>>> print(open('final23.cif').read())   # mmCIF, C-alpha atoms and all ligand atoms
data_entry
#
loop_
_atom_site.label_atom_id
_atom_site.label_comp_id
_atom_site.auth_asym_id
_atom_site.auth_seq_id
_atom_site.Cartn_x
_atom_site.Cartn_y
_atom_site.Cartn_z
CA MET A 1 0.00 0.00 0.00
CA PRO A 2 1.40 3.39 -0.87
CA GLY A 3 1.72 5.69 2.12
CA PRO A 4 0.65 9.30 2.25
CA LYS A 5 2.26 11.45 -0.42
CA THR A 6 5.32 13.38 0.57
CA GLN A 7 6.62 16.44 -1.31
CA SER A 8 9.07 14.22 -3.23
CA GLU A 9 6.24 12.00 -4.45
CA ARG A 10 4.26 14.86 -5.91
CA ILE A 11 1.94 13.89 -8.73
CA THR A 12 2.97 15.85 -11.78
CA ALA A 13 1.16 13.82 -14.45
CA PHE A 14 -1.89 11.59 -14.61
CA ASP A 15 -1.58 10.26 -18.18
CA LEU A 16 -4.96 8.56 -17.98
CA GLN A 17 -5.47 6.11 -20.83
CA PRO A 18 -8.54 6.00 -23.11
CA GLY A 19 -11.18 3.68 -21.65
CA ARG A 20 -10.24 4.34 -18.03
CA LEU A 21 -13.26 4.83 -15.78
CA LEU A 22 -13.53 7.89 -13.55
CA ALA A 23 -15.74 7.64 -10.45
CA ASN A 24 -17.55 4.77 -12.18
CA ARG A 25 -19.51 7.34 -14.18
CA TYR A 26 -17.25 8.62 -16.92
CA GLU A 27 -14.94 7.03 -19.45
CA VAL A 28 -11.77 8.77 -20.64
CA ILE A 29 -11.78 9.43 -24.40
CA GLU A 30 -8.56 11.43 -24.76
CA ARG A 31 -6.24 13.87 -23.05
CA LEU A 32 -6.85 17.43 -24.25
CA GLY A 33 -4.15 19.28 -22.44
CA GLY A 34 -2.07 19.72 -19.36
CA GLY A 35 -0.77 22.71 -17.50
CA TRP A 36 0.53 24.05 -14.23
CA GLU A 37 -2.38 22.93 -12.07
CA GLY A 38 -3.57 19.72 -13.69
CA GLU A 39 -4.77 17.97 -16.81
CA VAL A 40 -7.84 18.19 -19.00
CA TYR A 41 -9.57 15.19 -20.59
CA ARG A 42 -12.42 14.60 -22.96
CA ILE A 43 -14.72 12.11 -21.23
CA ARG A 44 -18.02 10.34 -21.89
CA GLU A 45 -20.78 10.00 -19.34
CA ARG A 46 -21.49 6.27 -19.30
CA THR A 47 -25.24 6.36 -18.75
CA THR A 48 -26.04 8.95 -21.43
CA GLY A 49 -23.11 8.78 -23.85
CA ILE A 50 -22.80 12.58 -23.56
CA GLU A 51 -19.29 13.95 -23.95
CA ARG A 52 -17.92 16.28 -21.32
CA THR A 53 -14.61 17.72 -20.22
CA ALA A 54 -12.87 16.80 -16.96
CA LYS A 55 -10.28 19.01 -15.34
CA LEU A 56 -8.18 17.04 -12.82
CA PHE A 57 -6.18 18.96 -10.25
CA TYR A 58 -2.75 17.95 -8.94
CA PRO A 59 -3.16 17.72 -5.16
CA HIS A 60 -0.34 20.17 -4.43
CA ARG A 61 -2.09 22.72 -6.68
CA ASN A 62 -5.39 22.21 -4.93
CA PRO A 63 -4.68 22.53 -1.19
CA ARG A 64 -7.85 22.17 0.90
CA GLU A 65 -9.78 22.00 -2.39
CA ARG A 66 -9.26 25.72 -2.78
CA ALA A 67 -8.54 25.75 -6.52
CA ALA A 68 -11.36 23.38 -7.46
CA LYS A 69 -13.90 25.20 -5.29
CA PHE A 70 -12.92 28.62 -6.50
CA TYR A 71 -13.02 27.57 -10.15
CA ALA A 72 -16.37 25.80 -9.85
CA LYS A 73 -17.90 28.80 -8.08
CA LYS A 74 -16.55 31.22 -10.64
CA LEU A 75 -17.92 29.18 -13.55
CA HIS A 76 -21.24 28.84 -11.75
CA LYS A 77 -21.43 32.58 -11.08
CA LEU A 78 -20.87 33.20 -14.80
CA ARG A 79 -23.36 30.56 -15.99
CA GLN A 80 -25.52 33.18 -17.71
CA CYS A 81 -22.60 34.42 -19.81
CA GLU A 82 -22.95 32.51 -23.03
CA ILE A 83 -19.27 32.77 -23.91
CA VAL A 84 -18.14 30.87 -20.79
CA ILE A 85 -18.07 27.05 -20.71
CA GLN A 86 -20.82 25.57 -18.56
CA TYR A 87 -19.86 23.86 -15.34
CA HIS A 88 -21.68 20.62 -14.47
CA THR A 89 -20.37 18.87 -11.40
CA GLN A 90 -17.46 17.80 -9.26
CA ALA A 91 -16.26 14.27 -8.51
CA GLU A 92 -13.14 12.48 -7.37
CA ILE A 93 -10.87 9.55 -8.10
CA THR A 94 -8.08 7.86 -6.23
CA PHE A 95 -4.79 8.03 -8.04
CA ARG A 96 -1.66 6.38 -6.60
CA GLY A 97 -3.25 6.54 -3.18
CA ALA A 98 -4.12 10.23 -3.40
CA ARG A 99 -7.57 11.76 -3.62
CA ILE A 100 -7.91 13.72 -6.83
CA THR A 101 -10.73 16.16 -7.46
CA PHE A 102 -12.00 16.80 -10.96
CA LEU A 103 -14.49 19.29 -12.36
CA VAL A 104 -16.84 18.28 -15.15
CA SER A 105 -17.81 20.91 -17.73
CA GLU A 106 -19.42 20.88 -21.14
CA PHE A 107 -17.25 19.66 -24.01
CA VAL A 108 -17.08 22.34 -26.68
CA GLU A 109 -16.79 21.20 -30.28
CA GLY A 110 -14.76 23.49 -32.44
CA GLU A 111 -11.23 24.62 -33.01
CA LEU A 112 -8.79 26.57 -30.89
CA LEU A 113 -8.45 30.16 -32.10
CA SER A 114 -4.69 29.56 -32.56
CA GLN A 115 -5.41 26.71 -35.02
CA PHE A 116 -8.20 28.61 -36.73
CA LEU A 117 -5.85 31.55 -37.39
CA LYS A 118 -3.08 29.29 -38.70
CA ARG A 119 -5.52 27.89 -41.25
CA GLN A 120 -6.36 31.31 -42.69
CA ARG A 121 -4.65 32.59 -45.80
CA GLY A 122 -1.33 34.09 -44.70
CA GLY A 123 -2.16 32.92 -41.18
CA ARG A 124 -4.17 36.07 -40.50
CA LEU A 125 -7.58 37.68 -40.78
CA MET A 126 -8.65 40.60 -42.92
CA PRO A 127 -9.59 43.72 -40.90
CA PHE A 128 -13.36 43.26 -41.24
CA GLN A 129 -13.17 39.66 -40.00
CA ALA A 130 -10.83 40.61 -37.17
CA VAL A 131 -13.27 43.32 -36.06
CA HIS A 132 -16.00 40.67 -35.98
CA LEU A 133 -13.76 38.42 -33.89
CA LEU A 134 -13.00 41.26 -31.48
CA HIS A 135 -16.67 42.19 -31.29
CA ALA A 136 -17.67 38.63 -30.39
CA LEU A 137 -15.00 38.56 -27.70
CA ALA A 138 -15.80 42.01 -26.31
CA SER A 139 -19.55 41.26 -26.22
CA GLY A 140 -19.01 37.95 -24.46
CA ILE A 141 -16.53 39.37 -21.98
CA ASP A 142 -18.77 42.40 -21.35
CA CYS A 143 -21.12 39.93 -19.64
CA ILE A 144 -18.25 38.74 -17.41
CA HIS A 145 -17.14 42.29 -16.54
CA ARG A 146 -20.70 43.38 -15.75
CA MET A 147 -20.82 40.67 -13.13
CA GLY A 148 -17.70 42.16 -11.61
CA GLU A 149 -15.62 39.20 -12.77
CA TYR A 150 -12.74 38.77 -15.22
CA HIS A 151 -11.21 36.05 -17.37
CA GLY A 152 -7.60 36.60 -16.40
CA ASP A 153 -5.84 34.44 -19.00
CA LEU A 154 -7.08 35.51 -22.43
CA HIS A 155 -5.05 34.15 -25.32
CA ASP A 156 -5.66 32.18 -28.49
CA GLU A 157 -5.35 28.75 -26.81
CA ASN A 158 -8.10 29.50 -24.32
CA ILE A 159 -10.65 30.50 -26.96
CA ILE A 160 -12.60 27.97 -29.02
CA VAL A 161 -14.15 28.95 -32.35
CA GLN A 162 -17.40 27.00 -32.60
CA ARG A 163 -18.67 28.57 -35.77
CA PHE A 164 -17.49 31.22 -38.15
CA GLY A 165 -19.89 32.84 -40.57
CA LEU A 166 -20.68 36.55 -40.71
CA GLY A 167 -19.69 36.63 -37.06
CA PHE A 168 -18.00 34.29 -34.61
CA ASP A 169 -19.47 31.91 -32.04
CA LEU A 170 -16.84 31.56 -29.33
CA LYS A 171 -16.31 29.86 -26.00
CA LEU A 172 -13.79 30.78 -23.34
CA LEU A 173 -11.94 28.20 -21.26
CA ASP A 174 -9.46 28.23 -18.46
CA LEU A 175 -10.50 31.28 -16.45
CA PHE A 176 -8.01 32.38 -13.85
CA HIS A 177 -9.50 31.54 -10.46
CA TRP A 178 -7.12 32.40 -7.70
CA GLY A 179 -8.39 35.66 -6.40
CA ALA A 180 -11.27 38.04 -5.95
CA PRO A 181 -11.66 40.43 -8.88
CA ARG A 182 -9.89 43.77 -8.84
CA ALA A 183 -10.25 46.67 -11.29
CA GLU A 184 -6.79 45.85 -12.56
CA ASN A 185 -7.96 42.37 -13.67
CA ILE A 186 -10.67 43.88 -15.87
CA ARG A 187 -8.14 46.27 -17.41
CA ASP A 188 -5.78 43.35 -18.11
CA ASP A 189 -8.60 41.56 -19.96
CA VAL A 190 -9.14 44.63 -22.16
CA VAL A 191 -5.45 44.88 -22.99
CA ASP A 192 -5.30 41.13 -23.72
CA LEU A 193 -8.25 41.50 -26.11
CA ILE A 194 -6.44 44.19 -28.08
CA HIS A 195 -3.36 41.95 -28.27
CA ILE A 196 -5.44 39.06 -29.61
CA PHE A 197 -6.93 41.40 -32.24
CA TYR A 198 -3.48 42.70 -33.22
CA GLU A 199 -2.03 39.19 -33.56
CA ALA A 200 -5.08 37.97 -35.51
CA LEU A 201 -4.35 40.70 -38.06
CA GLY A 202 -0.80 39.44 -38.58
CA GLY A 203 1.01 41.30 -35.79
CA ALA A 204 3.88 43.77 -36.18
CA LYS A 205 4.67 42.69 -39.74
CA HIS A 206 1.34 43.96 -41.06
CA TYR A 207 0.53 46.73 -38.60
CA ALA A 208 1.84 49.70 -40.61
CA ALA A 209 -0.43 48.81 -43.53
CA GLN A 210 -3.61 48.42 -41.42
CA PRO A 211 -6.48 50.88 -41.93
CA ASP A 212 -6.83 53.81 -39.51
CA ALA A 213 -9.92 52.24 -37.95
CA VAL A 214 -7.74 49.30 -36.86
CA LYS A 215 -4.96 51.53 -35.53
CA GLN A 216 -7.50 53.46 -33.49
CA ILE A 217 -8.41 50.23 -31.75
CA CYS A 218 -4.86 48.91 -31.29
CA CYS A 219 -3.41 52.26 -30.11
CA GLY A 220 0.03 50.95 -31.10
CA LEU A 221 -0.45 48.42 -28.26
CA LYS A 222 0.29 51.15 -25.71
CA ARG A 223 -1.39 50.05 -22.50
CA SER A 224 -2.09 53.54 -21.17
CA LEU A 225 -3.64 54.66 -24.47
CA ILE A 226 -5.74 51.50 -24.74
CA LEU A 227 -7.07 51.92 -21.20
CA ARG A 228 -7.83 55.61 -21.66
CA LYS A 229 -10.12 54.64 -24.54
CA PHE A 230 -11.55 51.36 -23.28
CA ARG A 231 -12.03 50.85 -19.57
CA SER A 232 -13.95 47.61 -19.93
CA ALA A 233 -14.99 45.12 -22.60
CA GLY A 234 -18.34 46.95 -22.77
CA GLN A 235 -16.70 50.21 -23.81
CA LEU A 236 -14.68 48.38 -26.45
CA ARG A 237 -17.84 46.74 -27.72
CA GLY A 238 -19.58 50.15 -27.90
CA HIS A 239 -16.67 51.58 -29.89
CA LEU A 240 -16.85 48.72 -32.41
CA GLU A 241 -20.59 49.15 -32.82
CA ARG A 242 -20.23 52.86 -33.58
CA MET A 243 -16.98 52.93 -35.54
CA SER A 244 -16.73 53.94 -39.16
CA TRP A 245 -14.28 52.64 -41.76
CA GLU A 246 -14.04 56.08 -43.36
N1 LIG B 301 -14.61 22.47 -22.30
C1 LIG B 301 -13.73 22.17 -23.26
N2 LIG B 301 -14.14 21.77 -24.46
C2 LIG B 301 -13.24 21.46 -25.42
N3 LIG B 301 -11.91 21.50 -25.27
C3 LIG B 301 -11.43 21.88 -24.09
C4 LIG B 301 -12.30 22.23 -23.02
N4 LIG B 301 -11.54 22.55 -21.96
C5 LIG B 301 -10.26 22.42 -22.36
N5 LIG B 301 -10.17 22.03 -23.65
C6 LIG B 301 -8.92 21.79 -24.41
O1 LIG B 301 -7.89 21.46 -23.49
C7 LIG B 301 -6.84 22.43 -23.54
C8 LIG B 301 -6.32 22.67 -22.13
O2 LIG B 301 -7.37 23.08 -21.28
P1 LIG B 301 -7.29 24.38 -20.39
O3 LIG B 301 -8.57 24.46 -19.62
O4 LIG B 301 -6.93 25.56 -21.24
O5 LIG B 301 -6.13 24.03 -19.34
P2 LIG B 301 -4.57 24.35 -19.30
O6 LIG B 301 -4.26 25.44 -20.30
O7 LIG B 301 -4.37 24.80 -17.89
O8 LIG B 301 -3.93 23.05 -19.63
C9 LIG B 301 -7.46 23.67 -24.20
O9 LIG B 301 -6.51 24.47 -24.84
C10 LIG B 301 -8.43 23.03 -25.16
O10 LIG B 301 -7.76 22.60 -26.31
MG MG B 302 -5.33 26.90 -21.27
#
>>> encode(input="final23.cif", output="structure tokens", more="lines below")
Ligand SMILES: Nc1ncnc2c1ncn2[C@@H]1O[C@H](COP(=O)(O)OP(=O)(O)O)[C@@H](O)[C@H]1O
Ligand SMILES: [Mg+2]
Amino acid sequence: MPGPKTQSERITAFDLQPGRLLANRYEVIERLGGGWEGEVYRIRERTTGIERTAKLFYPHRNPRERAAKFYAKKLHKLRQCEIVIQYHTQAEITFRGARITFLVSEFVEGELLSQFLKRQRGGRLMPFQAVHLLHALASGIDCIHRMGEYHGDLHDENIIVQRFGLGFDLKLLDLFHWGAPRAENIRDDVVDLIHIFYEALGGAKHYAAQPDAVKQICCGLKRSLILRKFRSAGQLRGHLERMSWE
């Protein structure tokens, strides 16, 4: 029998294999990713066949269940924001003698924004498309900011493109969940949004040739200028809805 985990026996990987049962209710389909605090798997609920996502926390990253609780509560608080993945439930498994908590959320079908952008001609969007992308993000995140919350880790690997037509249907994953919201967190989200927009347009290489309307949004990526113009995602959204290309 393995004894209690010591620091030197820290779990730093789960590497669960397809077919493995979790809490007798879910079956592992595949590993989706892994990061600082745990791993993410695509799973199937056995009784219904419905696919979900499980986020498993490394015990040393989840002392007294703090991380799992905070994340679940944050997702639950934001359940009316359509852009945020929906939280379902919490469960646990035993792994090498340790109790591991996992959070079950909806599984979002689609493509990471990073992959979507790579697939575009020249690896970038045209200005009109990029404005649509930014508008979808700003509108979705406006809902989060209005609730006094923030995302905290906005980048193109935490955004899933579900559908792309005239506009974008997006979902946000992986919200930062280690602290109560501060005004600074909302400002960081706004600046991150402008960076995503800038990169989606091809970054520094193509910036000089962008139309004025784009430059007025990017503000040369100067944080103080961006924040003078847009204090929240809602203000950015308002700007996009009133802007003119001429
Ligand atoms: N609900 C979900 N639906 C679909 N894919 C997901 C979902 N959650 C995570 N993923 C995939 O797993 C990857 C890692 O998950 P994420 O929550 O970003 O954790 P981390 O970045 O900490 O590893 C994501 O980039 C995405 O590809
Ligand atoms: Mg992530």
>>> axis_aligned_box(input="final23.cif", around="ligand LIG 301 (chain B)", padding_each_side="3 Å", output="JSON")
{"center_x": -9.3, "center_y": 23.5, "center_z": -22.1, "size_x": 16.7, "size_y": 10.1, "size_z": 14.4}
>>> residues_near_point(input="final23.cif", point="(-8.3, 56.3, -23.4)", cutoff="12 Å", atoms="only C-alpha atoms", output="number ranges by chain")
A: 187, 190-191, 216-219, 222-232, 235-236, 239
>>> atom_distance(input="final23.cif", atom1="atom O7 of ligand LIG 301 (chain B)", atom2="atom CA of Arg10 of chain A")
17.8 Å
>>> closest_atom_pairs(input="final23.cif", of="chain A", to="ligand LIG 301 (chain B)", cutoff="9 Å", atoms="only C-alpha atoms and all ligand atoms", output="tab-separated table")
residue	atom	partner	partner_atom	distance
A:Arg31	CA	B:LIG301	O1	7.8
A:Leu32	CA	B:LIG301	O1	4.2
A:Gly33	CA	B:LIG301	C8	4.0
A:Gly34	CA	B:LIG301	O8	3.8
A:Gly35	CA	B:LIG301	O8	3.8
A:Trp36	CA	B:LIG301	O7	6.2
A:Glu37	CA	B:LIG301	O7	6.4
A:Gly38	CA	B:LIG301	O7	6.6
A:Glu39	CA	B:LIG301	O8	5.9
A:Val40	CA	B:LIG301	O2	5.4
A:Tyr41	CA	B:LIG301	O1	7.1
A:Arg42	CA	B:LIG301	N3	7.3
A:Arg52	CA	B:LIG301	N1	7.1
A:Thr53	CA	B:LIG301	N1	5.2
A:Ala54	CA	B:LIG301	N4	7.7
A:Lys55	CA	B:LIG301	O3	7.1
A:Ile85	CA	B:LIG301	N1	6.0
A:Gln86	CA	B:LIG301	N1	7.9
A:Tyr87	CA	B:LIG301	N1	8.8
A:Val104	CA	B:LIG301	N1	8.6
A:Ser105	CA	B:LIG301	N1	5.8
A:Glu106	CA	B:LIG301	N1	5.2
A:Phe107	CA	B:LIG301	N2	3.8
A:Val108	CA	B:LIG301	N2	3.7
A:Glu109	CA	B:LIG301	C2	6.0
A:Gly110	CA	B:LIG301	C2	7.5
A:Glu111	CA	B:LIG301	O10	7.8
A:Leu112	CA	B:LIG301	O10	6.1
A:Asp156	CA	B:LIG301	O9	8.6
A:Glu157	CA	B:LIG301	O9	4.9
A:Asn158	CA	B:LIG301	O4	5.1
A:Ile159	CA	B:LIG301	O9	7.6
A:Ile160	CA	B:LIG301	C2	7.5
A:Lys171	CA	B:LIG301	N1	8.4
A:Leu172	CA	B:LIG301	N1	8.4
A:Leu173	CA	B:LIG301	O3	5.3
A:Asp174	CA	B:LIG301	O3	4.0
A:Leu175	CA	B:LIG301	O3	7.8
>>> atom_distance(input="final23.cif", atom1="atom CA of Pro18 of chain A", atom2="atom CA of Thr48 of chain A")
17.8 Å
>>> closest_residue(input="final23.cif", among="A:Gln120, A:Gln162, A:Ser114, A:Thr101", to="ligand MG 302 (chain B)", atoms="all atoms listed in the file")
A:Ser114
>>> atom_distance(input="final23.cif", atom1="atom CA of Gly152 of chain A", atom2="atom CA of Leu56 of chain A")
19.9 Å
